[in-house]
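Structure below is coords-v1.cif: mmCIF, C-alpha atoms.
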data_query
#
loop_
_atom_site.label_atom_id
_atom_site.label_comp_id
_atom_site.auth_asym_id
_atom_site.auth_seq_id
_atom_site.Cartn_x
_atom_site.Cartn_y
_atom_site.Cartn_z
CA MET L 666 -16.97 -10.48 -64.03
CA LYS L 667 -17.75 -14.10 -63.73
CA ARG L 668 -16.69 -14.23 -60.09
CA SER L 669 -18.77 -11.30 -58.98
CA ARG L 670 -21.82 -12.68 -60.74
CA SER L 671 -21.62 -16.00 -58.98
CA LEU L 672 -21.09 -14.18 -55.69
CA LEU L 673 -24.24 -12.19 -56.38
CA PHE L 674 -26.17 -15.46 -56.45
CA MET L 675 -24.54 -16.71 -53.26
CA PRO L 676 -26.79 -14.92 -50.76
CA PHE L 677 -29.88 -16.28 -52.53
CA VAL L 678 -28.49 -19.79 -52.40
CA LEU L 679 -27.53 -19.50 -48.75
CA ALA L 680 -30.82 -17.91 -47.75
CA ALA L 681 -32.65 -20.80 -49.27
CA CYS L 682 -30.79 -23.49 -47.35
CA GLY L 683 -29.37 -22.07 -44.08
CA GLY L 684 -29.13 -25.60 -42.77
CA SER L 685 -25.94 -26.32 -44.74
CA PHE L 686 -23.97 -24.13 -42.36
CA PRO L 687 -22.49 -26.21 -39.52
CA VAL L 688 -23.89 -25.85 -35.99
CA PRO L 689 -21.62 -23.39 -34.21
CA THR L 690 -21.19 -25.48 -31.04
CA GLU L 691 -17.57 -24.48 -30.54
CA ARG L 692 -18.34 -20.81 -30.88
CA LEU L 693 -21.19 -21.21 -28.42
CA SER L 694 -19.06 -22.84 -25.71
CA SER L 695 -16.33 -20.30 -26.32
CA ALA L 696 -18.75 -17.38 -25.96
CA GLU L 697 -20.37 -18.87 -22.87
CA GLY L 698 -16.92 -19.52 -21.37
CA ALA L 699 -15.85 -15.95 -21.88
CA SER L 700 -19.14 -14.75 -20.39
CA ARG L 701 -18.54 -16.90 -17.29
CA THR L 702 -15.01 -15.57 -16.95
CA ALA L 703 -16.25 -12.01 -17.14
CA HIS L 704 -18.81 -12.76 -14.45
CA GLU L 705 -16.14 -14.37 -12.22
CA LEU L 706 -14.01 -11.25 -12.63
CA ASN L 707 -16.97 -9.21 -11.34
CA ALA L 708 -17.59 -7.46 -14.65
CA GLU L 709 -20.94 -6.40 -13.20
CA GLY L 710 -19.01 -4.11 -10.86
CA ASP L 711 -17.69 -1.89 -13.63
CA PRO L 712 -20.18 -0.01 -15.85
CA GLN L 713 -18.35 -0.58 -19.15
CA ALA L 714 -17.55 -4.21 -18.41
CA ALA L 715 -21.13 -4.80 -17.27
CA LEU L 716 -22.50 -3.31 -20.50
CA HIS L 717 -20.48 -5.60 -22.74
CA LEU L 718 -21.28 -8.64 -20.61
CA LYS L 719 -24.97 -7.83 -20.96
CA LEU L 720 -24.61 -7.47 -24.74
CA ALA L 721 -22.71 -10.76 -24.87
CA ASN L 722 -25.37 -12.64 -22.91
CA GLU L 723 -28.20 -11.15 -24.98
CA GLN L 724 -26.49 -12.18 -28.19
CA ILE L 725 -25.82 -15.68 -26.84
CA GLU L 726 -29.53 -16.08 -26.14
CA LYS L 727 -30.42 -14.82 -29.63
CA ALA L 728 -27.90 -17.26 -31.10
CA LYS L 729 -29.43 -20.18 -29.20
CA ALA L 730 -32.85 -19.20 -30.53
CA ALA L 731 -31.46 -19.05 -34.08
CA MET L 732 -29.89 -22.47 -33.62
CA LYS L 733 -33.29 -23.84 -32.58
CA ASN L 734 -34.61 -22.51 -35.90
CA ASP L 735 -31.74 -24.19 -37.74
CA ASP L 736 -30.41 -20.77 -38.71
CA ASN L 737 -26.81 -21.68 -37.96
CA LYS L 738 -25.30 -18.95 -40.07
CA ALA L 739 -27.15 -16.25 -38.15
CA ALA L 740 -26.27 -18.00 -34.90
CA ASP L 741 -22.61 -18.09 -35.91
CA LEU L 742 -22.49 -14.36 -36.55
CA LEU L 743 -24.33 -13.60 -33.31
CA LEU L 744 -21.84 -15.75 -31.42
CA GLN L 745 -18.91 -13.96 -33.04
CA ARG L 746 -20.39 -10.75 -31.75
CA ALA L 747 -21.10 -12.29 -28.34
CA SER L 748 -17.51 -13.56 -28.00
CA ALA L 749 -16.09 -10.21 -28.95
CA ASP L 750 -18.28 -8.50 -26.34
CA ALA L 751 -17.50 -11.11 -23.68
CA GLU L 752 -13.73 -10.88 -24.25
CA LEU L 753 -13.92 -7.13 -24.09
CA SER L 754 -15.91 -7.39 -20.86
CA VAL L 755 -13.24 -9.68 -19.37
CA GLN L 756 -10.47 -7.24 -20.23
CA LEU L 757 -12.44 -4.24 -18.95
CA ALA L 758 -13.08 -6.08 -15.67
CA LYS L 759 -9.35 -6.87 -15.35
CA GLY L 760 -8.57 -3.26 -16.17
CA ALA L 761 -10.93 -1.93 -13.53
CA LYS L 762 -9.25 -4.07 -10.87
CA ALA L 763 -5.76 -3.15 -12.09
CA LYS L 764 -6.64 0.55 -11.93
CA ALA L 765 -8.02 0.17 -8.39
CA ASP L 766 -4.86 -1.68 -7.31
CA ALA L 767 -2.70 1.00 -8.90
CA GLN L 768 -4.59 3.71 -7.03
CA SER L 769 -4.20 1.88 -3.72
CA ALA L 770 -0.49 1.45 -4.30
CA GLN L 771 -0.16 5.11 -5.21
CA ASP L 772 -2.02 6.16 -2.05
CA ARG L 773 0.17 3.93 0.09
CA ALA L 774 3.33 5.32 -1.47
CA ALA L 775 2.15 8.89 -0.97
CA ALA L 776 1.32 8.18 2.67
CA LEU L 777 4.78 6.77 3.27
CA ARG L 778 6.48 9.74 1.65
CA GLY L 779 4.41 12.44 3.24
CA GLY L 780 3.73 10.89 6.60
CA LYS L 781 5.57 9.37 9.51
CA MET K 1325 -35.03 -20.10 -71.24
CA LYS K 1326 -35.52 -16.38 -70.85
CA THR K 1327 -38.58 -16.27 -68.65
CA GLN K 1328 -39.96 -13.11 -67.15
CA ALA K 1329 -38.40 -14.00 -63.78
CA SER K 1330 -34.97 -14.81 -65.10
CA ARG K 1331 -34.96 -11.65 -67.27
CA PHE K 1332 -35.76 -9.61 -64.19
CA LEU K 1333 -33.08 -11.46 -62.26
CA LEU K 1334 -30.52 -10.73 -64.96
CA ALA K 1335 -31.43 -7.05 -65.03
CA ALA K 1336 -31.15 -6.88 -61.27
CA SER K 1337 -27.77 -8.60 -61.36
CA VAL K 1338 -26.48 -6.28 -64.05
CA ALA K 1339 -27.71 -3.31 -62.11
CA SER K 1340 -25.98 -4.63 -59.03
CA ILE K 1341 -22.71 -5.21 -60.88
CA VAL K 1342 -22.85 -1.71 -62.27
CA GLY K 1343 -23.69 -0.48 -58.82
CA VAL K 1344 -20.66 -2.22 -57.28
CA MET K 1345 -18.17 -1.73 -60.09
CA GLY K 1346 -19.35 1.60 -61.48
CA CYS K 1347 -19.17 4.23 -58.73
CA GLY K 1348 -17.15 2.07 -56.27
CA ALA K 1349 -18.25 4.55 -53.64
CA THR K 1350 -21.23 2.97 -51.90
CA VAL K 1351 -21.65 4.61 -48.50
CA PRO K 1352 -20.21 2.27 -45.88
CA PRO K 1353 -22.57 1.20 -43.11
CA PRO K 1354 -22.13 3.15 -39.85
CA GLU K 1355 -20.89 -0.04 -38.17
CA LEU K 1356 -17.96 -0.20 -40.57
CA VAL K 1357 -17.16 3.48 -40.10
CA ALA K 1358 -17.25 2.96 -36.35
CA ALA K 1359 -14.94 -0.04 -36.70
CA ARG K 1360 -12.46 1.96 -38.78
CA THR K 1361 -12.51 4.80 -36.27
CA ALA K 1362 -12.04 2.40 -33.37
CA TYR K 1363 -9.12 0.74 -35.10
CA LYS K 1364 -7.42 4.04 -35.86
CA LYS K 1365 -7.85 5.13 -32.24
CA ALA K 1366 -6.32 1.90 -30.97
CA ALA K 1367 -3.46 1.89 -33.46
CA ASP K 1368 -2.57 5.52 -32.75
CA GLY K 1369 -2.68 5.14 -28.98
CA PRO K 1370 -0.71 3.32 -26.27
CA ALA K 1371 -2.09 -0.01 -27.50
CA ASN K 1372 0.42 0.24 -30.32
CA LYS K 1373 3.20 -0.26 -27.78
CA GLU K 1374 1.45 -2.08 -24.94
CA SER K 1375 -0.72 -4.58 -26.80
CA PRO K 1376 0.51 -4.87 -30.41
CA ALA K 1377 -0.77 -8.43 -30.77
CA GLN K 1378 -4.32 -7.30 -30.00
CA VAL K 1379 -3.96 -4.35 -32.39
CA HIS K 1380 -2.94 -6.81 -35.09
CA GLU K 1381 -5.95 -9.00 -34.33
CA ALA K 1382 -8.16 -5.94 -34.64
CA GLN K 1383 -6.60 -5.12 -37.98
CA LEU K 1384 -7.25 -8.63 -39.28
CA ALA K 1385 -10.86 -8.44 -38.14
CA LEU K 1386 -11.27 -5.07 -39.84
CA ASP K 1387 -9.78 -6.47 -43.04
CA VAL K 1388 -12.33 -9.30 -42.99
CA ALA K 1389 -15.14 -6.77 -42.62
CA GLU K 1390 -13.72 -4.52 -45.36
CA LYS K 1391 -13.38 -7.51 -47.71
CA LYS K 1392 -16.97 -8.56 -47.06
CA TRP K 1393 -18.14 -5.02 -47.70
CA ALA K 1394 -16.23 -4.88 -50.98
CA GLU K 1395 -17.85 -8.17 -52.03
CA ILE K 1396 -21.41 -7.69 -50.76
CA PRO K 1397 -21.87 -4.10 -49.62
CA ASP K 1398 -25.41 -4.35 -48.35
CA SER K 1399 -25.15 -7.66 -46.53
CA ALA K 1400 -26.08 -7.91 -42.88
CA GLU K 1401 -22.88 -9.89 -42.41
CA VAL K 1402 -20.79 -6.74 -43.03
CA LYS K 1403 -22.43 -5.13 -40.02
CA ASP K 1404 -21.70 -8.14 -37.85
CA LEU K 1405 -18.09 -8.35 -38.97
CA ALA K 1406 -17.65 -4.61 -38.45
CA TYR K 1407 -19.14 -4.94 -34.97
CA VAL K 1408 -16.64 -7.68 -34.12
CA ALA K 1409 -13.80 -5.60 -35.59
CA GLN K 1410 -14.81 -2.62 -33.46
CA ARG K 1411 -14.88 -4.74 -30.31
CA LYS K 1412 -11.45 -6.13 -31.11
CA ALA K 1413 -10.07 -2.63 -31.48
CA GLU K 1414 -11.63 -1.69 -28.14
CA LEU K 1415 -10.16 -4.87 -26.67
CA ALA K 1416 -6.69 -3.78 -27.80
CA GLU K 1417 -7.18 -0.47 -25.99
CA ALA K 1418 -8.55 -2.13 -22.85
CA THR K 1419 -5.57 -4.51 -22.82
CA ALA K 1420 -3.21 -1.55 -23.06
CA ASP K 1421 -5.01 0.22 -20.21
CA THR K 1422 -4.67 -2.84 -17.98
CA SER K 1423 -1.00 -3.17 -18.85
CA LEU K 1424 -0.34 0.47 -18.03
CA ALA K 1425 -2.24 0.23 -14.73
CA VAL K 1426 -0.14 -2.79 -13.71
CA LYS K 1427 3.03 -0.89 -14.57
CA GLN K 1428 1.81 2.09 -12.55
CA LYS K 1429 1.12 -0.16 -9.58
CA ASP K 1430 4.60 -1.69 -9.80
CA LEU K 1431 6.12 1.77 -9.98
CA SER K 1432 4.19 2.92 -6.90
CA GLU K 1433 5.12 -0.23 -4.99
CA ARG K 1434 8.77 0.22 -5.81
CA GLY K 1435 8.48 3.85 -4.75
CA ALA K 1436 6.88 2.80 -1.48
CA GLN K 1437 9.60 0.23 -0.87
CA GLN K 1438 12.25 2.81 -1.58
CA ALA K 1439 10.57 5.26 0.79
CA GLN K 1440 10.59 2.60 3.51
CA VAL K 1441 14.24 1.80 2.86
CA ASP K 1442 15.08 5.50 2.99
CA ALA K 1443 13.11 5.97 6.20
CA LEU K 1444 14.86 3.01 7.77
CA ARG K 1445 18.26 4.27 6.71
CA SER K 1446 17.42 7.73 8.05
CA THR K 1447 16.38 6.24 11.40
CA GLN K 1448 19.56 4.18 11.52
CA ASP K 1449 21.65 7.25 10.73
CA GLN K 1450 19.89 9.19 13.48
CA LEU K 1451 20.48 6.34 15.88
CA THR K 1452 24.16 6.27 15.01
CA LYS K 1453 24.36 10.03 15.41
CA THR K 1454 22.66 9.89 18.80
CA LYS K 1455 24.96 7.10 19.89
CA GLU K 1456 27.97 9.13 18.80
CA GLU K 1457 26.68 12.19 20.62
CA LEU K 1458 26.11 10.19 23.78
CA GLU K 1459 29.61 8.80 23.48
CA ARG K 1460 31.04 12.29 23.09
CA GLU K 1461 28.98 13.55 26.03
CA LYS K 1462 30.15 10.63 28.14
CA GLN K 1463 33.73 11.40 27.17
CA ARG K 1464 33.28 15.09 27.91
CA ARG K 1465 31.92 14.29 31.32
CA ALA K 1466 34.69 11.83 32.04
CA ASP K 1467 37.26 14.44 31.01
CA ALA K 1468 35.58 17.08 33.17
CA GLU K 1469 35.55 14.76 36.16
CA LYS K 1470 39.17 13.90 35.57
CA ARG K 1471 40.09 17.57 35.42
CA ALA K 1472 38.11 18.27 38.58
CA ALA K 1473 39.75 15.37 40.38
CA GLN K 1474 43.12 16.64 39.22
CA ALA K 1475 42.27 20.15 40.31
CA MET K 1476 41.18 18.88 43.70
CA ALA K 1477 44.35 16.87 44.02
CA ASP K 1478 46.37 19.97 43.12
CA LEU K 1479 44.30 22.00 45.52
CA GLN K 1480 45.07 19.65 48.35
CA LYS K 1481 48.72 20.50 47.87
CA ILE K 1482 48.14 24.14 48.66
CA ALA K 1483 45.07 24.19 50.85
CA ALA K 1484 43.57 22.14 53.63
CA VAL K 1485 40.68 20.07 52.29
CA LYS K 1486 38.53 17.97 54.57
CA GLN K 1487 35.05 16.52 54.62
CA ASP K 1488 32.62 16.96 57.45
CA SER K 1489 28.86 17.09 58.03
CA ARG K 1490 28.59 20.28 55.96
CA GLY K 1491 30.29 18.76 52.91
CA VAL K 1492 33.77 19.33 51.52
CA VAL K 1493 35.51 22.12 53.37
CA ILE K 1494 38.44 24.02 51.83
CA THR K 1495 40.19 26.09 54.47
CA LEU K 1496 42.27 29.07 53.32
CA SER K 1497 44.49 31.03 55.63
CA GLY K 1498 43.45 34.63 56.22
CA GLY K 1499 47.04 35.73 56.35
CA VAL K 1500 47.68 34.46 52.82
CA LEU K 1501 44.55 36.05 51.40
CA PHE K 1502 44.45 39.44 53.08
CA LYS K 1503 46.54 42.15 54.71
CA THR K 1504 45.79 42.53 58.41
CA GLY K 1505 42.41 44.13 59.02
CA GLU K 1506 41.67 44.45 55.30
CA SER K 1507 39.24 42.71 53.05
CA LYS K 1508 40.91 43.35 49.68
CA LEU K 1509 42.53 40.22 48.24
CA LEU K 1510 46.31 40.12 48.05
CA PRO K 1511 47.71 39.44 44.54
CA ALA K 1512 49.34 36.26 45.81
CA ALA K 1513 45.94 35.06 47.02
CA MET K 1514 44.57 35.03 43.51
CA ALA K 1515 46.79 32.18 42.39
CA GLN K 1516 45.48 30.04 45.22
CA LEU K 1517 41.91 31.07 44.54
CA ASN K 1518 42.30 30.31 40.82
CA GLN K 1519 43.06 26.75 41.71
CA VAL K 1520 40.12 26.64 44.06
CA ALA K 1521 37.83 27.97 41.33
CA ASP K 1522 39.09 25.36 38.87
CA ALA K 1523 38.50 22.58 41.32
CA LEU K 1524 34.99 23.86 42.04
CA SER K 1525 33.95 24.36 38.40
CA GLY K 1526 34.72 20.80 37.33
CA ASN K 1527 32.76 19.29 40.16
CA ASN K 1528 29.02 18.87 40.50
CA PRO K 1529 27.53 22.03 38.94
CA ASP K 1530 24.55 21.85 41.26
CA ALA K 1531 26.55 21.84 44.46
CA THR K 1532 26.11 24.92 46.59
CA ILE K 1533 29.16 26.89 47.70
CA GLU K 1534 29.22 28.80 50.96
CA VAL K 1535 32.15 31.09 51.63
CA ASP K 1536 32.50 31.61 55.35
CA GLY K 1537 34.77 34.31 56.76
CA TYR K 1538 36.23 33.92 60.28
CA THR K 1539 38.28 36.10 62.60
CA ASP K 1540 39.99 35.48 65.90
CA ASN K 1541 38.38 36.74 69.08
CA GLN K 1542 40.39 39.97 69.28
CA GLY K 1543 38.50 43.25 69.05
CA LYS K 1544 34.79 44.10 68.94
CA ASP K 1545 32.32 41.42 67.88
CA ALA K 1546 30.53 43.73 65.42
CA THR K 1547 33.81 44.76 63.82
CA ASN K 1548 34.87 41.16 63.48
CA ARG K 1549 31.56 40.17 61.94
CA GLU K 1550 31.71 43.04 59.48
CA LEU K 1551 35.29 42.28 58.48
CA SER K 1552 34.65 38.58 58.12
CA GLN K 1553 31.59 39.32 55.93
CA LYS K 1554 33.59 41.64 53.69
CA ARG K 1555 36.36 39.08 53.38
CA ALA K 1556 33.91 36.28 52.55
CA THR K 1557 32.35 38.52 49.90
CA SER K 1558 35.76 39.29 48.37
CA VAL K 1559 36.54 35.62 48.01
CA ALA K 1560 33.04 34.82 46.75
CA ASP K 1561 33.15 37.59 44.15
CA TYR K 1562 36.56 36.44 43.02
CA ILE K 1563 35.59 32.82 42.41
CA VAL K 1564 32.43 33.97 40.60
CA SER K 1565 34.67 36.08 38.38
CA ARG K 1566 36.59 32.90 37.65
CA GLY K 1567 33.49 31.21 36.23
CA ILE K 1568 31.55 29.77 39.13
CA ALA K 1569 27.81 30.41 38.78
CA LYS K 1570 26.78 33.36 40.95
CA ASP K 1571 23.61 31.67 42.20
CA ARG K 1572 25.65 28.81 43.65
CA VAL K 1573 27.74 31.04 45.87
CA LYS K 1574 26.84 32.53 49.23
CA ALA K 1575 29.11 34.71 51.40
CA VAL K 1576 28.66 34.63 55.17
CA GLY K 1577 30.53 36.55 57.87
CA LYS K 1578 30.89 34.37 60.96
CA GLY K 1579 33.03 36.68 63.03
CA SER K 1580 34.83 34.83 65.80
CA ASP K 1581 32.40 31.90 65.80
CA SER K 1582 33.55 28.29 65.54
CA PRO K 1583 37.24 28.69 66.32
CA ILE K 1584 39.31 25.79 65.11
CA ALA K 1585 42.24 26.59 67.33
CA ASP K 1586 42.96 28.10 70.73
CA ASN K 1587 42.60 31.91 70.61
CA THR K 1588 45.01 32.33 73.54
CA SER K 1589 48.11 31.59 71.36
CA THR K 1590 49.47 33.52 68.37
CA GLU K 1591 49.41 30.47 66.12
CA GLY K 1592 45.90 29.60 67.30
CA ARG K 1593 44.64 33.08 66.52
CA ALA K 1594 46.33 32.96 63.08
CA GLN K 1595 44.63 29.69 62.35
CA ASN K 1596 41.25 31.06 63.37
CA ARG K 1597 41.70 33.95 60.99
CA ARG K 1598 40.54 32.00 57.97
CA VAL K 1599 38.09 31.60 55.09
CA GLU K 1600 36.28 28.33 54.66
CA ILE K 1601 34.73 27.35 51.35
CA VAL K 1602 32.08 24.73 51.97
CA VAL K 1603 30.95 22.69 48.99
CA GLY K 1604 27.91 20.47 48.98
CA GLY K 1605 25.29 21.53 51.39
CA GLY K 1606 23.18 18.48 50.66
CA ALA K 1607 22.92 18.61 46.87
CA ALA K 1608 26.12 16.83 46.04
CA LYS K 1609 29.23 15.29 47.50
#

Output the structure of this file as C-alpha cells.
Amino acid sequence: MKRSRSLLFMPFVLAACGGSFPVPTERLSSAEGASRTAHELNAEGDPQAALHLKLANEQIEKAKAAMKNDDNKAADLLLQRASADAELSVQLAKGAKAKADAQSAQDRAAALRGGK
Amino acid sequence: MKTQASRFLLAASVASIVGVMGCGATVPPPELVAARTAYKKAADGPANKESPAQVHEAQLALDVAEKKWAEIPDSAEVKDLAYVAQRKAELAEATADTSLAVKQKDLSERGAQQAQVDALRSTQDQLTKTKEELEREKQRRADAEKRAAQAMADLQKIAAVKQDSRGVVITLSGGVLFKTGESKLLPAAMAQLNQVADALSGNNPDATIEVDGYTDNQGKDATNRELSQKRATSVADYIVSRGIAKDRVKAVGKGSDSPIADNTSTEGRAQNRRVEIVVGGGAAK
C-alpha cells in the first residue's frame, strides 16, 4: 500500500524537475554509432533496414531537441528507442547481404551441377 | 492540512490505487501487445536455436516493460519500453535470419566444391579410360601386325613372294591350284589359299588386291583369256570367302600376257601358267 502510493507521486515529482535525470550522452553516442554502422552496411539499400534507420535517425534528432530543453528523461527514452531501431537496421542490412550471398552461392552451385 | 487541493489529490490517489489493485485488468497499450506478440514469434521460431542470446535480451526488455506497466499502467514510458522490447524481439529474428543465410551459403559453397571435385574426378577417370583404350588398341594393332608378319613369313615358305613396281606380288602355281584347263579350285589349293588369305587380312586393310590369272601361249588367245579370267575369279572369290573385303579384290584375266618364263620349254610353260596376287596398288606397302 505504502509503496504504491509513493510511486503514484513519483511521476508528479519527476515531471516537476526533469533536470535531475542525467544527460544521456552515452546513449546518444551509442545510438549515433549504431546509425553510422547501419549506414556503412548500406541499410538504405534494403527497405526494412532503411525504415528502421530512418526511425532511428528521427528519434535521435528528437532526443537532441529534448536535451536542449533539459528534458533528459524524455531524451533517454527516445535514445533507447533509437538504439533499438539502429541495431535492428544493422542486423537487417547484414541479413540482406547474407541472403544475397547465399543466393549467389546457390546459383553457382546449380550451374556447376547442371552445366558443363 | 486538508486543503481542497490535497483532498482532491487524495481522492485521485485512492481512485488510482483502486483502479490498479481492484480489477487488475487494465487494457494494455497496443505497443505492449505488439511487443508480446513479437517476443512470442521470435521465441517460437528459428531464433530460439540460432540466436538464443538475442531472444533472452528481448525477454529481459519485455520484462522491464511489463514491470513498468504493472507499476504505472498509463505512463508514456511503458510505450517506449514496449517499443524497445518489440525491436529487440525483431532483432533476435533478424539475427537468426542472417545466421541461417550464412549457413545456406556455406552449404551451397561446399556443394559447389564437391561438384567441382566430382567433375574433376570424372574427367580423370575418363582420361584414364581413354588411355587404357588407346593402350589396348595399340596392343591389338601390334598383335595384328605380328600375326600378319608371321602369316607372310609362313606364306613365303609355300609361295613365291616378291616386291616390284606394282606392290607385293604373291605368285601361285596354276598346276597346284587347278586341274588342267579347269577353273575350279583343287581341294589341296585351299590350304595354300587359306594361308594367303590370313596373310592378306592382317596387313593394311586399305590395300587393294588384284588377282591376275595367266596362261601359257598354247591355244587360242580368247580361250586363254577366258580361262585365266575364270581362274582369277575363283581365287578372288575364295579369298573373299576367307574374310577379305570384297571391295578390295579385283579379278583380271591376262591370258598369255607377261610371261615370266620361256614358253618354248615345258617347265617355262608350267611357270607361266600361274595366278599372281598383287597387293598394294599405291595405297599401302

Q. Using only C-alpha atoms, which residues sit within 10 Å of range 1408-1417 of chain K once same-chain residues fewer than 4 positions away are excluded, as a PyMOL selection string?
A. (chain L and resi 717+742-757) or (chain K and resi 1355-1367+1369-1372+1374-1390+1402-1404+1421-1423)

Q.
Set the cut-off to 9 Å and count all atoms listed in the file: what are the residues of chain K that reach chain L? Output as a ChimeraX atom specification.
A. /K:1337-1338,1340-1341,1395-1396,1399,1401,1404-1405,1407-1412,1414-1416,1418-1437,1439-1440,1443

**Q.** Straight-line distance linking CA of Arg1597 in chain K with CA of Ser1497 in chain K, stated in Å to one decimal
**A.** 6.7 Å

Q) How would you write, as JSON, numbers by chain, the residues chosen by the PyMOL selection byres ((chain L and resi 687) around 9) on this structure? A) {"L": [684, 685, 686, 688, 689, 690, 737, 738, 741]}

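Evaluating the PyMOL selection byres ((chain L and resi 725) around 9) against the shown model yields Leu693, Ala696, Glu697, Leu720, Ala721, Asn722, Glu723, Gln724, Glu726, Lys727, Ala728, Lys729, Ala730, Ala740, Leu743, Leu744, Arg746, Ala747 and Ser748 of chain L.
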
How would the residues just chosen look if you wrote them out with C-alpha atoms as a JSON list (two decimals), keeping the file's coordinate frame?
[["chain", "number", "residue", "atom", "x", "y", "z"],
["L", 693, "LEU", "CA", -21.19, -21.21, -28.42],
["L", 696, "ALA", "CA", -18.75, -17.38, -25.96],
["L", 697, "GLU", "CA", -20.37, -18.87, -22.87],
["L", 720, "LEU", "CA", -24.61, -7.47, -24.74],
["L", 721, "ALA", "CA", -22.71, -10.76, -24.87],
["L", 722, "ASN", "CA", -25.37, -12.64, -22.91],
["L", 723, "GLU", "CA", -28.20, -11.15, -24.98],
["L", 724, "GLN", "CA", -26.49, -12.18, -28.19],
["L", 726, "GLU", "CA", -29.53, -16.08, -26.14],
["L", 727, "LYS", "CA", -30.42, -14.82, -29.63],
["L", 728, "ALA", "CA", -27.90, -17.26, -31.10],
["L", 729, "LYS", "CA", -29.43, -20.18, -29.20],
["L", 730, "ALA", "CA", -32.85, -19.20, -30.53],
["L", 740, "ALA", "CA", -26.27, -18.00, -34.90],
["L", 743, "LEU", "CA", -24.33, -13.60, -33.31],
["L", 744, "LEU", "CA", -21.84, -15.75, -31.42],
["L", 746, "ARG", "CA", -20.39, -10.75, -31.75],
["L", 747, "ALA", "CA", -21.10, -12.29, -28.34],
["L", 748, "SER", "CA", -17.51, -13.56, -28.00]]

Which centre and which edge lengths, in Å to one decimal, describe the axis-aligned box that holds all listed atoms of range 700-713 of chain L after 5 Å is added on each side, as JSON?
{"center_x": -17.5, "center_y": -8.5, "center_z": -15.6, "size_x": 16.9, "size_y": 26.9, "size_z": 19.5}

Q | Straight-line distance linking CA of Leu1501 in chain K with CA of Ala1556 in chain K, stated in Å to one decimal | A | 10.7 Å

May I ask you to restore N, CA and C atoms in range 715-730 of chain L and write the result as a PDB file, in the frame of the given file?
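Dumped everything to part-v6.pdb:
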ATOM      1  N   ALA L 715     -19.776  -4.278 -17.456  1.00  0.00           N
ATOM      2  CA  ALA L 715     -21.130  -4.800 -17.270  1.00  0.00           C
ATOM      3  C   ALA L 715     -21.930  -4.667 -18.566  1.00  0.00           C
ATOM      4  N   LEU L 716     -21.770  -3.546 -19.249  1.00  0.00           N
ATOM      5  CA  LEU L 716     -22.500  -3.310 -20.500  1.00  0.00           C
ATOM      6  C   LEU L 716     -22.167  -4.385 -21.526  1.00  0.00           C
ATOM      7  N   HIS L 717     -20.884  -4.636 -21.724  1.00  0.00           N
ATOM      8  CA  HIS L 717     -20.480  -5.600 -22.740  1.00  0.00           C
ATOM      9  C   HIS L 717     -20.824  -7.021 -22.335  1.00  0.00           C
ATOM     10  N   LEU L 718     -20.857  -7.305 -21.053  1.00  0.00           N
ATOM     11  CA  LEU L 718     -21.280  -8.640 -20.610  1.00  0.00           C
ATOM     12  C   LEU L 718     -22.756  -8.824 -20.919  1.00  0.00           C
ATOM     13  N   LYS L 719     -23.530  -7.795 -20.673  1.00  0.00           N
ATOM     14  CA  LYS L 719     -24.970  -7.830 -20.960  1.00  0.00           C
ATOM     15  C   LYS L 719     -25.195  -8.062 -22.461  1.00  0.00           C
ATOM     16  N   LEU L 720     -24.486  -7.312 -23.287  1.00  0.00           N
ATOM     17  CA  LEU L 720     -24.610  -7.470 -24.740  1.00  0.00           C
ATOM     18  C   LEU L 720     -24.244  -8.903 -25.147  1.00  0.00           C
ATOM     19  N   ALA L 721     -23.151  -9.402 -24.553  1.00  0.00           N
ATOM     20  CA  ALA L 721     -22.710 -10.760 -24.870  1.00  0.00           C
ATOM     21  C   ALA L 721     -23.809 -11.768 -24.556  1.00  0.00           C
ATOM     22  N   ASN L 722     -24.352 -11.666 -23.333  1.00  0.00           N
ATOM     23  CA  ASN L 722     -25.370 -12.640 -22.910  1.00  0.00           C
ATOM     24  C   ASN L 722     -26.632 -12.545 -23.771  1.00  0.00           C
ATOM     25  N   GLU L 723     -27.011 -11.317 -24.124  1.00  0.00           N
ATOM     26  CA  GLU L 723     -28.200 -11.150 -24.980  1.00  0.00           C
ATOM     27  C   GLU L 723     -27.983 -11.822 -26.327  1.00  0.00           C
ATOM     28  N   GLN L 724     -26.793 -11.616 -26.875  1.00  0.00           N
ATOM     29  CA  GLN L 724     -26.490 -12.180 -28.190  1.00  0.00           C
ATOM     30  C   GLN L 724     -26.380 -13.691 -28.143  1.00  0.00           C
ATOM     31  N   ILE L 725     -25.887 -14.223 -27.003  1.00  0.00           N
ATOM     32  CA  ILE L 725     -25.820 -15.680 -26.840  1.00  0.00           C
ATOM     33  C   ILE L 725     -27.238 -16.253 -26.856  1.00  0.00           C
ATOM     34  N   GLU L 726     -28.133 -15.596 -26.157  1.00  0.00           N
ATOM     35  CA  GLU L 726     -29.530 -16.080 -26.140  1.00  0.00           C
ATOM     36  C   GLU L 726     -30.145 -16.045 -27.530  1.00  0.00           C
ATOM     37  N   LYS L 727     -29.882 -14.938 -28.250  1.00  0.00           N
ATOM     38  CA  LYS L 727     -30.420 -14.820 -29.630  1.00  0.00           C
ATOM     39  C   LYS L 727     -29.842 -15.922 -30.513  1.00  0.00           C
ATOM     40  N   ALA L 728     -28.557 -16.224 -30.301  1.00  0.00           N
ATOM     41  CA  ALA L 728     -27.900 -17.260 -31.100  1.00  0.00           C
ATOM     42  C   ALA L 728     -28.531 -18.630 -30.829  1.00  0.00           C
ATOM     43  N   LYS L 729     -28.798 -18.893 -29.555  1.00  0.00           N
ATOM     44  CA  LYS L 729     -29.430 -20.180 -29.200  1.00  0.00           C
ATOM     45  C   LYS L 729     -30.794 -20.312 -29.861  1.00  0.00           C
ATOM     46  N   ALA L 730     -31.533 -19.199 -29.874  1.00  0.00           N
ATOM     47  CA  ALA L 730     -32.850 -19.200 -30.530  1.00  0.00           C
ATOM     48  C   ALA L 730     -32.700 -19.479 -32.016  1.00  0.00           C
TER      49      ALA L 730
END
